[in-house]
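Novice: Submitted below is the structure of interest, expressed as structure tokens.
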Amino acid sequence: MSRNIQRIIQEANAHTMQQLTRRHFFQECVTGMGAMALGSVLGGCNWLGSKDTGSLIHSNPLMAHAPHFAGKAKSVIYIHMAGAPSQLELFDYKPDLMKLDGLDCPQSLLEGKKFAFIRGVPKMMGPQASFQQRGQSGAWISDHLPHLSTVADEISFLKAVQTDQFNHGPAQLLMHTGSARLGRPSIGSWVTYGLGSENNNLPGFVVLTSGGKNPDAGKSIWGNGFLPSVYQGVQCRTEGDPVLFLKDPAGMDRDLRKASIDAINEANKLTYEEYQDPETVSRIAQYEMAYRMQIEVPETMNINNEPAYIHEMYGTKPGVACFANNVLLARKLVEKGVRFVQLFDWGWDSHGTDENLAIDYGFVNKCRATDKPVTALLLDLKQRGLLDETLVVWGGEFGRTPMQENRDGKKMPFKGRDHHTEAFTIWMAGGGIKKGFSYGETDEIGYSAISGKVTPFDIQATILNQLGFDHEKLVYPFQGRPFRLTDVHGRVINEILA
Amino acid sequence: MLFITEVIAHFHPVLVHLPIGILLLAILFHWLSSKEKFAGLSIAIPISYLAGAITAILSCITGYILSGSGEYDETTLNLHQWMGILVAFISSAGYLFCRNKNEQQLKWVSIVLAGLITITGHLGGTLTHGEGYLWKGISESKKDSINAVKVIANAQEAIVYKDIIQPILQQKCYNCHAATKQKGGLRVDSEEWIMKGGKNGKVLVAGSIDSSVVYKRIILDPIEEKHMPPKGKPQLKEQERLLLQWWIASGADFTKKSKELSQTAAVKTALSALEKSEVLETKRADIPDGEVAKANETILESLRKNSVTVFEISEKSNWLSANFVNCIKWNADIEKQMDLLKDQLIWLKIPGAQLQESSWKTIAGLTNLKRLSAEHSNITDQDLVQLNSLKQLQYLNLVDTKITLKGLLQWKSNNLASLFINKSGIGLQEFNTLKINFPKANIDTGGYYVPFMATDTQQLHPRTDKK
């Protein structure tokens with residue numbers, strides 16, 4: 001044992017010695033002098049408008065900050081239906097499409113277009129749901145969502161969203177990171193980077209998944225990209241312990257735990273002073289966070305203590321991993337001051353390849369499993385006085401075609417629709433968004449947007465705007481230039497702001 | 001051939017700077033050379049005048065070709081043209097006087113030329129940047145107040161063109177298509193001009209959206225080059241686009257009132273929206289007017305050490321927001337610190353707080369408070385009576401507290417806009433009594449529920465579904 005420790009110390013010493021060679025000294029002198037000179041030149045300017053990162057070690061990177069302007073929303077619950085739900089069976093009512101049901105798709109709709117699976121000439125497919133106008137606002141919502149229909153007057157629908165990615169992974173990346181390629185920070189990371197967290201005992205950005213699979217784009221859609229890793233989304237498990245290894249190991253009490261974390265952090269601080277790597281600060285912050293989370297997380301993530309009427313309202317099933325439980329958790333987290341809660345529910349990719357992915361079976365079941373919790377979320381936030389400060393976003397990564405899918409030119413076993421980029425519906429509620437409003441229109445068959453077009457960038461710009469950020473000014477310097485979530489795009493959708 | 005002249009014409013804005021610079025330098029040399037110290041400069045004067053004269057002539061030629069494009073205001077253009085020609089002429093004369101050593105005449109030439117160049121240059125600027133470009137930055141704020149869309153008292157009685165359409169055109173189109181500039185030969189600042197159209201023909205066909213270029217260019221994809229207003233300029237709002245479409249489709253009449261034209265539901269909403277002032281809506285009721293002195297940073301730091309989240313509501317503001325979600329019990333220190341923040345603190349969250357009477361007294365002293373979230377806290381009717389001093393309060397959250405009707409009735413406020421009392425000691429039947437005390441408040445009694453439906457838990461399957 002002691003021999004082992006001696007060896008470790010020897011290795012560490014050798015490591016330090018290696019860095020202090022004569023060559024190293026000269027090397028450091030030259031670049032160091034240059035850097036010093038440059039530093040003194042640039043020191044006075046607010047370089048690239050970024051936040052002061054000089055004294056990272058002394059501040060908690062997740063401490064709450066003031067936004068650019070006073071935002072209406074304090075937190076966001078983003079419900080992403082991974083796989084892309086069909087707008088034609090939920091919100092975009094197209095009676096004219098019914099008249100074309102079963103007819104060949106006209107060439108004009110196919111020429112020069114690319115589809116993920118449709119080949120040759122597919123048949124048109126009318127809406128596979130009956131629709132009614134709901135509430136005072138008269139929004140069209142199908143019978144698949146009987147509960148949501150009762151709260152239509154709380155919601156703003158974006159009926160003409162467009163994207164340019166027709167595969168799940170890139171489209172989800174675009175929706176959440178502003179780029180179809182890997183490597184950019186996700187919107188939740190940008191928000192926690194900009195605003196910090198109001199509760200130091202919980203992560204600022206929490207991710208919960210359901211539906212049996214993670215979204216196709218993987219964990220990158222809640223990744224921190226080039227932002228310090230302290231801002232990445234913390235994925236909590238929905239079964240068993242929400243965060244693993246939070247409990248103290250057998251034989252170790254909380255004081256000992258605290259003492260050991262303090263010792264490790266002291267060592268890390270020395271490392272930071274030597275190398276100035278912001279990732280070291282992240283590590284320190286995460287150790288401290290983990291210690292504080294030990295008490296707060298099990299309490300907040302436990303839905304068993306909720307009263308019976310809440311369980312009835314959400315349709316939750318304690319102990320079983322399901323979407324309803326995640327929605328209730330999202331409400332609990334936001335109530336505790338968590339900044340951004342991201343819910344992913346997998347299974348909306350209704351191609352018609354099997355029963356679970358059929359527009360007339362699996363899709364309907366997905367609607368039934370999610371309708372009640374989503375509606376309960378809006379009403380529960382409202383009665384707790386939280387809806388005006390919580391922005392709720394619901395949507396997929398793209399839409400679905402008005403044509404029936406004919407994978408490889410063959411007839412499918414079930415009814416389904418292919419991926420569609422040119423028009424789909426996303427809705428927002430609360431957080432300073434207009435109540436009972438629809439923005440944007442699609443053509444008679446829901447193929448393309450004809451007015452009020454919005455892009456994923458516009459949605460991101462709007463979310464940031466509601467939190468108090470000018471999306472063009474929330475930047476982070478990386479690889480020699482300031483980066484932002486919306487890159488060179490994005491327009492705040494003023495039309496839907498209250 | 002046409003193409004080449006057009007290209008040459010586009011060199012005018014570049015070329016004009018040469019005679020301006022060279023001739024002003026020649027004048028400077030001329031004036032300086034009378035001093036003994038700069039006498040050597042006199043040798044450069046003739047060549048400067050010559051170069052200035054030649055570039056001035058070239059500028060005149062390119063300018064003349066450019067004027068043919070017809071995009072400019074005619075009176076200003078005429079003046080600019082003749083003064084430009086005069087500059088070319090006088091500078092040539094200046095060269096001749098130099099060569100012939102006519103000192104007296106050269107003096108006059110230098111004075112006149114300096115004035116002419118200044119005026120011609122300014123006129124050129126007016127042509128490209130529009131009337132009054134020079135003072136634009138200074139008078140911007142004034143201009144905005146003029147440009148802001150006026151609130152219409154009764155949109156149905158309003159004259160569609162004069163009260164609704166013209167203000168839109170004025171805001172979004174006049175910059176390039178009115179008296180000072182006529183890009184594409186188009187003016188839209190009067191009935192005659194609108195109906196006349198631009199250099200490529202008519203832009204508006206009454207009653208037909210599809211053949212009205214003016215509308216088609218507006219709804220073109222913003223990334224298209226021909227989209228109007230051009231990229232970077234203020235765009236038409238959705239509501240403005242709709243009203244323009246409605247006006248053209250219903251015959252583009254210049255005298256009729258709104259109620260005389262048929263209206264769809266969407267148009268009706270857009271019209272009634274005109275009756276509301278947008279300026280009033282953007283102002284937030286839960287942020288006080290004006291500003292306040294910055295809070296003492298050491299107080300904020302010590303609060304933060306007690307796990308209180310406290311920060312400015314925005315980068316540009318000193319108003320404070322505080323969240324006590326991790327600090328449910330207050331000690332004497334916290335009370336003292338909060339007392340020192342009473343000027344700045346406007347939003348306070350104390351969810352689940354277990355406070356002593358003295359702490360509620362401290363909160364009662366935070367008289368600038370606009371939002372108070374005291375849900376799940378131990379607030380009692382007695383504490384609430386103390387909070388009567390919070391006259392500015394807009395938002396009050398008493399969800400899941402022991403507050404009863406008795407406590408709330410001792411509290412009157414004309415400012416309160418939202419009151420949440422779900423799961424408190426107040427019954428649903430007592431709601432109407434409350435409404436009298438808080439006439440402006442939106443009182444949320446909660447108790448919402450989502451009914452159980454058989455379909456919530458049933459699953460559809462092809463086998464069971466088949467009959």
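Every chain in the structure tokens has a letter given in the order shown (A, B, ...), and although residue numbers restart at 1 in each chain, ligands are simply numbered from 1 in the order shown.
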List as number ranges by chain the protein and nucleic acid residues near Phe97 in chain B, meaning an atom at most 10 Å away when only C-alpha atoms are counted, but skip any in the same chain fewer than 3 places from it.

Specialist: B: 46, 49, 91-94, 100-107, 109

Novice: Taking only C-alpha atoms into account, what are the residues of chain B at most 7 Å from chain A, put as a list in words?

Specialist: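 That gives Thr309, Phe311, Glu312, Ile313, Ser314, Glu315, Lys316, Asn323, Val325, Asn326, Asn397, Val399, Phe420, Asn422, Asp444, Gly446, Tyr448, Tyr449, Val450, Thr455, Asp456, Gln459, Leu460 and His461 of chain B for chain B.
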
Novice: Hey, can you spit out that residue selection with C-alpha atoms as a short mmCIF file (atom, residue, chain, number, x, y, z; two decimals), in the first residue's frame?

Specialist:
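Writing the result to again_33.cif gives the following:
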```cif
data_model
loop_
_atom_site.label_atom_id
_atom_site.label_comp_id
_atom_site.auth_asym_id
_atom_site.auth_seq_id
_atom_site.Cartn_x
_atom_site.Cartn_y
_atom_site.Cartn_z
CA THR B 309 -29.99 33.65 -5.55
CA PHE B 311 -29.20 39.26 -9.17
CA GLU B 312 -30.19 42.20 -11.37
CA ILE B 313 -33.26 41.62 -13.54
CA SER B 314 -31.19 42.61 -16.58
CA GLU B 315 -27.68 43.71 -17.48
CA LYS B 316 -28.82 47.28 -17.95
CA ASN B 323 -35.01 33.59 -4.92
CA VAL B 325 -35.65 28.41 -2.69
CA ASN B 326 -32.57 27.13 -0.81
CA ASN B 397 -48.78 33.78 -5.04
CA VAL B 399 -50.82 28.73 -3.24
CA PHE B 420 -53.07 32.72 -6.92
CA ASN B 422 -55.20 27.40 -5.02
CA ASP B 444 -56.74 31.95 -10.12
CA GLY B 446 -56.90 26.54 -9.33
CA TYR B 448 -58.13 22.22 -12.31
CA TYR B 449 -58.32 18.61 -13.13
CA VAL B 450 -57.99 16.53 -16.24
CA THR B 455 -59.02 5.95 -24.06
CA ASP B 456 -56.21 7.33 -21.86
CA GLN B 459 -54.30 0.79 -26.61
CA LEU B 460 -55.36 0.25 -30.19
CA HIS B 461 -54.22 -3.01 -31.79
#
```

Novice: When you draw a straight line from CA of Asn60 in chain A to CA of Asp343 in chain B, how long is it in Å?

Specialist: 26.8 Å

Novice: I'd like to know which residues of range 289-457 of chain B are alpha helix (DSSP H) (by DSSP, run on the backbone); could you write them as a ChimeraX atom specification?

Specialist: /B:297-305,332-340,357-364,381-386,405-409,431-437,454-457

Novice: With C-alpha atoms retained, could you export that selection as a compact mmCIF listing (two decimals), in the first residue's frame?

Specialist:
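For reference, out-v6.txt as written:
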```txt
# COMPACT_ATOMS: atom_id res chain seq x y z
CA GLU B 297 -22.22 44.34 -3.91
CA THR B 298 -21.06 43.17 -0.47
CA ILE B 299 -24.67 42.76 0.68
CA LEU B 300 -25.42 40.66 -2.40
CA GLU B 301 -22.31 38.58 -1.79
CA SER B 302 -23.22 37.81 1.80
CA LEU B 303 -26.77 36.86 0.78
CA ARG B 304 -25.33 34.54 -1.86
CA LYS B 305 -23.21 32.90 0.83
CA ALA B 332 -31.26 38.35 11.83
CA ASP B 333 -28.41 38.89 9.34
CA ILE B 334 -30.57 38.10 6.36
CA GLU B 335 -33.31 40.38 7.65
CA LYS B 336 -30.79 43.20 7.98
CA GLN B 337 -29.39 42.64 4.51
CA MET B 338 -32.84 42.47 2.95
CA ASP B 339 -33.71 45.71 4.67
CA LEU B 340 -30.75 47.34 2.92
CA GLU B 357 -42.92 37.31 12.42
CA SER B 358 -39.92 39.64 12.26
CA SER B 359 -38.98 38.33 8.82
CA TRP B 360 -42.47 39.03 7.50
CA LYS B 361 -42.03 42.53 8.90
CA THR B 362 -38.84 42.86 6.86
CA ILE B 363 -40.75 41.81 3.75
CA ALA B 364 -43.44 44.36 4.57
CA ASP B 381 -53.52 36.07 7.94
CA GLN B 382 -51.70 38.22 10.48
CA ASP B 383 -48.53 38.38 8.39
CA LEU B 384 -50.57 39.21 5.34
CA VAL B 385 -52.12 42.23 7.04
CA GLN B 386 -48.61 43.59 7.57
CA LEU B 405 -60.70 35.05 3.26
CA LYS B 406 -60.49 37.09 6.47
CA GLY B 407 -56.82 37.83 5.89
CA LEU B 408 -57.22 38.77 2.25
CA LEU B 409 -60.23 40.98 2.89
CA PHE B 431 -64.27 34.00 -4.89
CA ASN B 432 -66.82 36.72 -5.68
CA THR B 433 -66.24 38.50 -2.39
CA LEU B 434 -62.56 38.65 -3.22
CA LYS B 435 -63.15 40.12 -6.63
CA ILE B 436 -64.53 43.31 -5.02
CA ASN B 437 -61.30 43.91 -3.11
CA ALA B 454 -61.23 5.35 -21.02
CA THR B 455 -59.02 5.95 -24.06
CA ASP B 456 -56.21 7.33 -21.86
CA THR B 457 -55.09 3.86 -20.94
```

Novice: Tell me, in Å to one decimal, how far CA of Thr163 in chain A is from CA of Glu224 in chain B.

Specialist: 17.7 Å
